[in-house]
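Undergrad: Input input-v2.txt, format and content: compact mmCIF, C-alpha atoms.
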```
# COMPACT_ATOMS: atom_id res chain seq x y z
CA MET A 910 0.00 0.00 0.00
CA LYS A 911 2.79 2.38 0.94
CA GLN A 912 4.54 1.69 -2.39
CA LEU A 913 1.35 2.54 -4.31
CA ILE A 914 1.01 5.83 -2.42
CA ASP A 915 4.67 6.69 -3.09
CA ARG A 916 4.30 5.98 -6.81
CA LYS A 917 1.17 8.12 -6.96
CA GLN A 918 2.92 11.00 -5.18
CA ASN A 919 5.87 10.75 -7.58
CA LYS A 920 3.54 10.88 -10.58
CA VAL A 921 1.82 13.97 -9.16
CA ALA A 922 5.21 15.63 -8.58
CA ASP A 923 6.31 14.79 -12.13
CA PHE A 924 3.05 16.17 -13.54
CA GLN A 925 3.42 19.39 -11.52
CA ALA A 926 7.01 19.76 -12.71
CA LEU A 927 5.89 19.44 -16.33
CA ARG A 928 3.35 22.22 -15.80
CA MET A 929 6.05 24.57 -14.49
CA PRO A 930 7.36 27.26 -16.85
CA VAL A 931 10.60 26.19 -18.54
CA ALA A 932 12.55 29.02 -16.91
CA LEU A 933 11.40 27.93 -13.45
CA ARG A 934 12.30 24.27 -14.10
CA ASN A 935 15.72 25.37 -15.33
CA LYS A 936 16.27 27.50 -12.25
CA MET A 937 15.30 24.63 -9.93
CA ALA A 938 17.65 22.30 -11.78
CA LEU A 939 20.45 24.85 -11.47
CA MET A 940 19.91 25.27 -7.73
CA THR A 941 19.97 21.49 -7.29
CA ARG A 942 23.25 21.35 -9.14
CA LEU A 943 24.71 24.20 -7.06
CA LYS A 944 23.80 22.46 -3.83
CA SER A 945 25.43 19.25 -4.93
CA SER A 946 28.56 21.07 -6.20
CA GLU A 947 28.81 22.97 -2.94
CA ALA A 948 28.75 19.71 -1.01
CA SER A 949 31.42 18.22 -3.28
CA THR A 950 33.90 21.04 -2.69
CA ASN A 951 34.51 20.18 0.96
CA ASP A 952 38.02 19.21 1.99
CA ILE A 953 38.33 15.40 1.68
CA THR A 954 40.62 15.40 4.71
CA SER A 955 38.12 17.21 6.91
CA HIS A 956 37.39 14.05 8.94
CA LEU A 957 40.97 12.77 8.98
CA ARG A 958 42.68 14.71 11.72
CA SER A 959 46.14 13.29 11.06
CA LEU A 960 46.08 14.66 7.49
CA GLN A 961 44.80 18.12 8.29
CA PHE A 962 47.03 21.18 8.08
CA GLU A 963 46.21 22.05 11.70
CA SER A 964 47.46 18.72 13.06
CA VAL A 965 51.14 19.77 13.01
CA LEU A 966 50.61 23.18 14.60
CA THR A 967 51.39 24.10 18.18
CA GLU A 968 48.69 25.61 20.37
CA GLU A 969 50.32 29.00 19.95
CA GLU A 970 50.35 28.69 16.18
CA LYS A 971 46.70 27.62 16.12
CA GLN A 972 45.80 31.02 17.54
CA LEU A 973 46.75 32.47 14.14
CA LEU A 974 44.57 30.16 12.05
CA HIS A 975 41.93 32.87 11.66
CA LEU A 976 44.41 34.71 9.41
CA ARG A 977 44.21 31.87 6.93
CA ALA A 978 40.45 32.30 6.62
CA LYS A 979 40.83 36.07 6.29
CA SER A 980 43.43 35.73 3.55
CA HIS A 981 41.27 33.34 1.56
CA ALA A 982 38.15 35.46 2.04
CA LEU A 983 40.02 38.59 0.94
CA SER A 984 41.13 36.86 -2.28
CA VAL A 985 37.56 35.75 -2.99
CA TYR A 986 36.29 39.31 -2.51
CA GLN A 987 38.97 40.80 -4.75
CA CYS A 988 38.47 38.27 -7.54
CA ALA A 989 34.66 38.61 -7.44
CA GLN A 990 34.78 42.40 -7.61
CA ALA A 991 37.34 42.43 -10.43
CA THR A 992 35.28 39.92 -12.44
CA TYR A 993 32.01 41.78 -11.91
CA PHE A 994 33.45 45.19 -12.75
CA SER A 995 35.18 43.98 -15.91
CA ASN A 996 32.00 42.28 -17.05
CA VAL A 997 29.74 45.32 -16.74
CA LEU A 998 32.25 47.52 -18.57
CA HIS A 999 32.50 44.90 -21.31
CA GLN A 1000 28.71 44.79 -21.63
CA LEU A 1001 28.61 48.57 -21.90
CA ARG A 1002 30.89 48.52 -24.92
CA GLU A 1003 28.67 45.86 -26.50
CA LEU A 1004 25.59 47.94 -25.74
CA LYS A 1005 26.87 51.16 -27.32
CA SER A 1006 25.92 50.33 -30.90
CA GLN A 1007 22.46 49.23 -29.81
CA LEU A 1008 21.81 52.47 -27.93
CA LYS A 1009 22.92 54.43 -30.98
CA ASN A 1010 20.55 52.40 -33.18
CA PRO A 1011 16.92 53.07 -32.13
CA SER A 1012 15.67 50.22 -34.35
CA VAL A 1013 17.31 47.61 -32.11
CA LYS A 1014 15.12 46.35 -29.27
CA ARG A 1015 16.85 47.24 -26.02
CA THR A 1016 16.90 44.28 -23.70
CA THR A 1017 19.56 42.69 -21.55
CA ARG A 1018 19.04 39.47 -23.53
CA ILE A 1019 20.65 41.14 -26.56
CA LEU A 1020 23.79 41.66 -24.53
CA GLN A 1021 24.09 37.94 -23.89
CA ASN A 1022 23.68 36.94 -27.55
CA ASP A 1023 25.59 39.67 -29.39
CA ARG A 1024 29.19 38.65 -30.06
CA SER A 1025 29.88 41.20 -32.84
CA ASN A 1026 31.50 43.78 -30.57
CA LYS A 1027 34.06 45.75 -32.59
CA ASP A 1028 35.34 47.75 -29.62
CA PRO A 1029 35.93 45.26 -26.78
CA LEU A 1030 37.08 46.11 -23.29
CA LEU A 1031 40.84 45.66 -22.87
CA VAL A 1032 41.85 44.52 -19.38
CA GLY A 1033 45.36 44.75 -17.94
CA ILE A 1034 46.75 42.88 -14.94
CA LEU A 1035 49.86 44.58 -13.56
CA GLY A 1036 51.60 41.98 -11.42
CA CYS A 1037 50.70 38.32 -11.78
CA GLY A 1038 51.62 36.74 -8.48
CA ARG A 1039 49.08 34.89 -6.39
CA LEU A 1040 46.31 37.54 -6.59
CA GLY A 1041 46.94 38.55 -10.19
CA SER A 1042 46.86 34.96 -11.46
CA GLN A 1043 43.65 34.28 -9.52
CA ILE A 1044 41.96 37.31 -11.06
CA VAL A 1045 43.02 36.23 -14.56
CA GLN A 1046 41.66 32.73 -13.93
CA CYS A 1047 38.32 34.15 -12.74
CA LEU A 1048 38.09 36.47 -15.76
CA LEU A 1049 38.72 33.52 -18.08
CA THR A 1050 36.20 31.36 -16.22
CA TYR A 1051 33.33 33.72 -15.40
CA GLY A 1052 33.95 36.80 -17.51
CA LYS A 1053 32.63 37.48 -21.01
CA ILE A 1054 36.00 38.92 -22.05
CA SER A 1055 38.01 37.13 -24.73
CA PRO A 1056 41.48 35.93 -23.61
CA ALA A 1057 42.90 37.97 -26.51
CA ASN A 1058 41.65 41.12 -24.76
CA ILE A 1059 43.49 40.39 -21.49
CA GLN A 1060 47.08 41.52 -21.03
CA ILE A 1061 49.48 40.70 -18.19
CA SER A 1062 52.67 42.51 -17.28
CA THR A 1063 54.85 40.62 -14.85
CA ARG A 1064 58.55 40.18 -14.11
CA ARG A 1065 58.42 36.52 -15.15
CA PRO A 1066 56.00 36.10 -18.07
CA GLU A 1067 57.74 32.85 -19.06
CA ILE A 1068 56.06 31.00 -16.18
CA LEU A 1069 52.56 31.88 -17.45
CA ASP A 1070 52.45 29.30 -20.25
CA HIS A 1071 49.00 28.12 -19.15
CA PHE A 1072 47.58 31.61 -19.75
CA GLN A 1073 49.48 32.20 -22.98
CA GLN A 1074 48.17 28.93 -24.39
CA GLN A 1075 44.64 30.26 -23.84
CA GLY A 1076 45.44 33.43 -25.81
CA VAL A 1077 46.34 35.87 -23.01
CA ASP A 1078 49.14 38.30 -23.92
CA CYS A 1079 51.88 38.02 -21.26
CA TYR A 1080 55.01 40.19 -21.20
CA CYS A 1081 57.25 42.30 -18.96
CA ASP A 1082 56.49 45.92 -19.88
CA ASN A 1083 54.42 47.98 -17.45
CA ILE A 1084 54.38 51.06 -19.67
CA LYS A 1085 53.05 49.08 -22.63
CA LEU A 1086 50.32 47.66 -20.41
CA VAL A 1087 48.98 50.92 -18.98
CA SER A 1088 49.14 52.56 -22.42
CA SER A 1089 47.01 49.97 -24.17
CA VAL A 1090 44.14 48.93 -21.87
CA HIS A 1091 40.91 50.46 -20.57
CA VAL A 1092 41.07 49.15 -17.00
CA ILE A 1093 44.18 48.18 -15.01
CA PHE A 1094 44.16 45.92 -11.97
CA PHE A 1095 47.18 46.71 -9.82
CA CYS A 1096 48.13 43.47 -8.06
CA VAL A 1097 51.54 44.36 -6.64
CA LEU A 1098 52.80 44.44 -3.07
CA PRO A 1099 52.72 47.74 -1.14
CA SER A 1100 56.53 47.75 -1.18
CA GLN A 1101 56.50 47.58 -4.99
CA LEU A 1102 53.72 50.07 -5.74
CA THR A 1103 55.78 53.24 -5.31
CA ALA A 1104 58.35 52.18 -7.92
CA VAL A 1105 55.68 50.86 -10.30
CA ALA A 1106 53.62 54.05 -9.98
CA GLU A 1107 56.66 56.23 -10.69
CA GLU A 1108 57.32 54.20 -13.83
CA VAL A 1109 53.80 54.31 -15.30
CA LYS A 1110 52.11 57.47 -13.97
CA SER A 1111 52.87 59.62 -17.02
CA HIS A 1112 51.49 56.95 -19.38
CA ILE A 1113 48.05 56.35 -17.82
CA GLN A 1114 45.32 57.91 -19.96
CA PRO A 1115 42.69 60.08 -18.17
CA SER A 1116 39.92 57.68 -19.26
CA THR A 1117 41.76 54.57 -18.03
CA ILE A 1118 40.41 53.14 -14.78
CA ALA A 1119 42.99 52.06 -12.22
CA PHE A 1120 41.63 49.40 -9.86
CA VAL A 1121 44.17 49.16 -7.02
CA PHE A 1122 44.06 46.20 -4.64
CA THR A 1123 47.21 47.22 -2.76
CA SER A 1124 46.11 47.85 0.83
CA GLY A 1125 47.24 50.45 3.35
CA ILE A 1126 47.44 53.40 0.94
CA SER A 1127 44.84 56.18 0.97
CA LEU A 1128 43.00 57.24 -2.16
CA ARG A 1129 44.52 60.71 -1.96
CA ARG A 1130 47.98 59.20 -1.86
CA LEU A 1131 47.16 56.90 -4.79
CA LYS A 1132 45.98 59.92 -6.77
CA GLN A 1133 49.35 61.59 -6.22
CA MET A 1134 51.28 58.44 -7.02
CA LEU A 1135 49.41 57.56 -10.24
CA ASN A 1136 48.61 61.11 -11.36
CA THR A 1137 44.97 60.27 -12.03
CA SER A 1138 41.65 60.52 -10.21
CA SER A 1139 40.12 57.59 -12.08
CA ILE A 1140 40.91 55.17 -9.25
CA LEU A 1141 38.94 52.45 -7.50
CA SER A 1142 40.42 50.92 -4.37
CA PRO A 1143 38.28 48.77 -2.05
CA GLU A 1144 38.55 49.41 1.69
CA PHE A 1145 38.36 46.03 3.42
CA THR A 1146 37.88 45.72 7.17
CA PHE A 1147 37.65 42.73 9.50
CA PRO A 1148 35.19 43.56 12.31
CA GLU A 1149 36.13 41.96 15.62
CA ARG A 1150 32.55 40.81 16.14
CA ASN A 1151 32.99 38.57 13.09
CA HIS A 1152 36.32 37.15 14.23
CA ASP A 1153 34.88 33.65 14.75
CA LYS A 1154 32.64 33.54 11.68
CA ASP A 1155 32.99 30.40 9.62
CA TRP A 1156 34.74 30.62 6.25
CA ASN A 1157 35.57 27.56 4.16
CA TYR A 1158 39.13 28.28 3.06
CA HIS A 1159 39.65 24.74 1.75
CA THR A 1160 37.91 25.51 -1.56
CA SER A 1161 39.58 27.13 -4.56
CA ILE A 1162 38.69 30.72 -5.43
CA SER A 1163 36.85 29.66 -8.59
CA MET A 1164 34.81 27.04 -6.72
CA ALA A 1165 33.95 29.52 -3.99
CA LEU A 1166 32.46 31.84 -6.62
CA GLU A 1167 29.98 29.11 -7.62
CA ASN A 1168 28.26 29.66 -4.28
CA LYS A 1169 25.56 32.34 -4.48
CA SER A 1170 25.66 33.21 -0.78
CA ILE A 1171 29.44 33.74 -0.92
CA VAL A 1172 29.29 35.87 -4.08
CA GLU A 1173 26.56 38.08 -2.63
CA LYS A 1174 28.70 38.67 0.46
CA THR A 1175 31.44 40.13 -1.74
CA CYS A 1176 29.04 42.70 -3.21
CA PRO A 1177 29.93 46.19 -1.89
CA ILE A 1178 26.33 46.91 -0.85
CA SER A 1179 25.63 43.51 0.68
CA ASN A 1180 23.69 43.76 3.93
CA THR A 1181 24.93 40.48 5.37
CA ASP A 1182 27.05 40.42 8.50
CA GLN A 1183 30.20 39.01 6.93
CA LEU A 1184 33.78 38.10 7.80
CA VAL A 1185 35.07 40.88 5.53
CA GLN A 1186 33.30 44.20 5.11
CA VAL A 1187 33.64 46.57 2.16
CA ASN A 1188 33.06 50.30 2.10
CA PRO A 1189 29.69 50.62 0.26
CA ASN A 1190 30.99 53.73 -1.50
CA LEU A 1191 32.88 51.33 -3.76
CA ALA A 1192 29.56 50.40 -5.43
CA VAL A 1193 28.78 54.08 -6.04
CA ALA A 1194 32.27 54.73 -7.40
CA MET A 1195 31.80 51.76 -9.75
CA VAL A 1196 28.59 53.34 -11.06
CA TYR A 1197 30.36 56.66 -11.66
CA ALA A 1198 33.29 54.88 -13.35
CA PHE A 1199 30.70 53.23 -15.61
CA VAL A 1200 29.21 56.67 -16.38
CA ASN A 1201 32.68 58.03 -17.18
CA MET A 1202 33.20 55.24 -19.69
CA CYS A 1203 29.80 56.04 -21.22
CA SER A 1204 30.97 59.62 -21.76
CA GLU A 1205 34.26 58.38 -23.19
CA GLN A 1206 32.21 56.26 -25.62
CA GLY A 1207 30.20 59.31 -26.66
CA LEU A 1208 26.88 58.28 -25.09
CA THR A 1209 24.48 61.08 -24.23
CA LYS A 1210 23.04 61.59 -20.76
CA GLN A 1211 19.83 59.84 -21.81
CA GLU A 1212 21.72 56.90 -23.33
CA THR A 1213 24.01 56.70 -20.29
CA LEU A 1214 21.08 56.43 -17.89
CA GLN A 1215 19.58 53.68 -20.03
CA ALA A 1216 22.92 51.84 -20.06
CA VAL A 1217 23.28 52.16 -16.28
CA HIS A 1218 19.87 50.65 -15.62
CA MET A 1219 20.16 47.90 -18.20
CA THR A 1220 23.69 46.80 -17.30
CA VAL A 1221 24.30 47.72 -13.65
CA PHE A 1222 20.76 47.16 -12.38
CA GLY A 1223 19.35 44.80 -15.02
CA GLU A 1224 16.20 46.87 -15.42
CA ASN A 1225 14.08 47.77 -18.41
CA GLU A 1226 11.66 50.51 -19.39
CA GLN A 1227 8.87 48.88 -17.36
CA SER A 1228 10.76 49.23 -14.04
CA PRO A 1229 9.28 51.64 -11.44
CA SER A 1230 10.35 55.18 -12.37
CA GLU A 1231 10.63 56.32 -8.74
CA ASP A 1232 13.47 53.85 -8.20
CA LYS A 1233 15.46 54.82 -11.26
CA LEU A 1234 18.48 57.07 -11.17
CA THR A 1235 17.94 60.38 -12.94
CA VAL A 1236 20.17 63.04 -14.42
CA THR A 1237 19.58 65.09 -11.27
CA ASP A 1238 21.09 62.34 -9.13
CA PHE A 1239 24.34 62.82 -11.02
CA GLY A 1240 24.20 66.59 -10.54
CA GLY A 1241 23.31 67.10 -14.19
CA ARG A 1242 20.81 69.28 -15.96
CA GLY A 1243 20.33 70.90 -19.33
CA ASN A 1244 20.60 69.21 -22.71
CA MET A 1245 20.02 65.45 -22.47
CA SER A 1246 21.72 64.98 -25.85
CA GLU A 1247 25.05 65.99 -24.30
CA CYS A 1248 27.46 63.70 -22.45
CA PHE A 1249 27.93 63.76 -18.71
CA PRO A 1250 31.11 65.52 -17.57
CA TYR A 1251 33.91 63.33 -16.22
CA PHE A 1252 33.57 62.62 -12.52
CA ASP A 1253 36.45 62.57 -10.05
CA LEU A 1254 36.16 59.10 -8.50
CA ILE A 1255 38.19 60.12 -5.46
CA GLU A 1256 35.69 62.88 -4.65
CA ILE A 1257 32.80 60.46 -5.23
CA TYR A 1258 34.35 57.87 -2.94
CA GLU A 1259 35.03 60.30 -0.10
CA ASN A 1260 31.75 62.22 -0.16
CA GLU A 1261 28.10 61.24 0.11
CA SER A 1262 26.67 61.71 -3.38
CA TYR A 1263 23.01 61.79 -4.40
CA VAL A 1264 23.47 58.38 -5.98
CA MET A 1265 24.67 57.01 -2.64
CA GLN A 1266 21.67 58.52 -0.87
CA LYS A 1267 19.30 56.96 -3.37
CA LEU A 1268 20.96 53.56 -3.07
CA GLN A 1269 20.65 53.75 0.71
CA LYS A 1270 16.93 54.60 0.51
CA SER A 1271 15.83 52.33 -2.33
CA LYS A 1272 15.59 48.65 -1.41
CA HIS A 1273 14.65 47.99 -5.02
CA LEU A 1274 17.94 49.42 -6.35
CA GLN A 1275 19.91 47.51 -3.72
CA GLN A 1276 18.23 44.24 -4.63
CA THR A 1277 18.64 44.70 -8.38
CA PHE A 1278 22.31 45.69 -7.99
CA ILE A 1279 23.04 42.56 -5.93
CA LYS A 1280 21.05 40.42 -8.37
CA GLN A 1281 23.06 41.72 -11.33
CA TYR A 1282 26.27 41.21 -9.36
CA TRP A 1283 25.47 37.50 -8.92
CA ARG A 1284 24.23 37.14 -12.51
CA VAL A 1285 27.79 37.46 -13.82
CA PHE A 1286 28.60 34.14 -12.15
CA GLU A 1287 25.14 32.56 -12.50
CA GLU A 1288 25.21 32.83 -16.30
CA TYR A 1289 28.44 30.82 -16.42
CA LEU A 1290 27.02 28.14 -14.12
CA HIS A 1291 23.83 27.96 -16.17
CA ALA A 1292 25.83 27.56 -19.40
CA GLN A 1293 28.07 24.94 -17.79
CA PHE A 1294 25.13 22.95 -16.43
CA TYR A 1295 23.33 22.84 -19.78
CA GLY A 1296 26.48 22.33 -21.85
CA HIS A 1297 26.40 25.74 -23.56
CA LEU A 1298 29.97 26.78 -22.81
CA GLU A 1299 31.92 27.91 -25.86
```
Spit out the file's structure as structure tokens when you get a sec.
TA:
Amino acid sequence: MKQLIDRKQNKVADFQALRMPVALRNKMALMTRLKSSEASTNDITSHLRSLQFESVLTEEEKQLLHLRAKSHALSVYQCAQATYFSNVLHQLRELKSQLKNPSVKRTTRILQNDRSNKDPLLVGILGCGRLGSQIVQCLLTYGKISPANIQISTRRPEILDHFQQQGVDCYCDNIKLVSSVHVIFFCVLPSQLTAVAEEVKSHIQPSTIAFVFTSGISLRRLKQMLNTSSILSPEFTFPERNHDKDWNYHTSISMALENKSIVEKTCPISNTDQLVQVNPNLAVAMVYAFVNMCSEQGLTKQETLQAVHMTVFGENEQSPSEDKLTVTDFGGRGNMSECFPYFDLIEIYENESYVMQKLQKSKHLQQTFIKQYWRVFEEYLHAQFYGHLE
């Protein structure tokens, strides 16, 4: 009798699943896959104490184990933010021709299918040690950027055969790098940054975005060192109240970014109480950097606002107007057929802008920003699950 009931319940469940919209069935399948992949990424030695890293440590040394979790978490945050930011800038350059052509239907779906971009984003990685190589790997895995549009400048390019075989341009020439890319990720040690900055500062174009991960240096000091105000530099803090928060540092960076809850924690405007905290002004500065690139691409104020909402917030023309950013939020007025002026990202980062105020007030904008942030990684997982990877 019990077997008959179970079979009947299974048939009902199958029938209900068939009645679900395809998109919903796909999403449920994806979430099932994510849960199983998350379970499979655990350390296989986790239940074998004699094989664990901690087994050979003294009690005094074990007091420093929390630094291992912090180091891993910091790398995950940095890689996630670099991948997200590169992706939205890349999508902007794909979107330009569509905004200039009113006959093209403006939807985010076009961005996913259009591969005819004639003006791709060029990304430079200055310094390819542990952090730099992890960022490159995440860009190649989750980003929409072609390997041919990624350049690396490092003291030992000969050891990067695995990247060169994929089409990444690797060399030892910092000046060449900063002169030929649209966004630069500085992945050098604090002790090296002064010399590197002195070498390249006169070759960085005003429109080039410098994303500096080197910690312990203020934005004002970075502006002096690099001779540009187009700088993004995350401010990471480790609140003492979160000192004992769990963080699985046994997984690789790429595998960690398959976990939605982890990726959302790395978002600058995430509301979760996390091991690492990021200054939320980074999200606002990213938006203004996006607007600066729109101006550099010749987009008008009206086109720029459309690009911001389509790419950064994933919205369309049917989204609530009260939650949309307006030209007034960016301090603009006058002719909407003109471009926005260039914004000083240092000033934006240090002061409370109207955009920041609106982000703080609008739960809708916060939710859509975080959703778009995760979508960069979700699209890869969806393509991988259904065998659509190129």
Undergrad: One decimal, Å: what's the distance from atom CA of A:Gln1215 over to atom CA of A:Leu1268, could you say?
TA: 17.0 Å
Undergrad: Which residue out of A:Ala1198, A:Leu1008, A:Leu1184, A:Ile1255 has the minimum interatomic distance to A:Leu1128 when all atoms listed in the file are used?
TA: A:Ile1255
Undergrad: Got a sec: who's within 10 Å of A:Val1097, counting only C-alpha atoms, leaving out chain neighbours fewer than 5 positions off, as a list of chain:residue names?
TA: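 Everything that qualifies: A:Ile1034, A:Leu1035, A:Gly1036, A:Cys1037, A:Gly1038, A:Arg1039, A:Leu1040, A:Gly1041, A:Thr1063, A:Leu1102, A:Thr1103, A:Val1105, A:Val1121, A:Phe1122, A:Thr1123, A:Ser1124.
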Undergrad: Which of these, A:Lys1009, A:Lys1132, A:Lys1174, A:Arg1064, has the shortest distance to A:Glu1256 once you count only C-alpha atoms?
TA: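 The answer is A:Lys1132, which sits nearest to A:Glu1256.
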Undergrad: Please provide as a ChimeraX atom specification all residues within 12 Å of A:Lys1233, with the sequence filter that same-chain residues fewer than 5 positions apart are discarded (counting only C-alpha atoms).
TA: /A:1214-1219,1221-1228,1238-1239,1264,1267-1268,1270-1275,1277-1278
Undergrad: Please, what distance in Å, to one decimal, runs between atom CA of A:Asp1153 and atom CA of A:Gln1183?
TA: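 Between these atoms lies a distance of 10.6 Å.
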Undergrad: Go through A:Gln1046, A:Thr1237, A:Ser995, A:Asn1244 and flag the residue nearest A:Gln1073, using all atoms listed in the file for the distances.
TA: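 When distances to A:Gln1073 are compared using all atoms listed in the file, the smallest one comes from A:Gln1046.
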Undergrad: Just give me the gap between atom CA of A:Ser1127 and atom CA of A:Cys988 in Å, one decimal is fine.
TA: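 These atoms are spaced 20.8 Å apart.
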Undergrad: Let me make sure I understand: among A:Thr1235, A:Gln1000, A:Thr1146, A:Ser1246, which one has the smallest atom-to-atom distance to A:Leu1208 if we use all atoms listed in the file?
TA: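 Between A:Thr1235, A:Gln1000, A:Thr1146, A:Ser1246, the residue approaching A:Leu1208 most closely is A:Ser1246.
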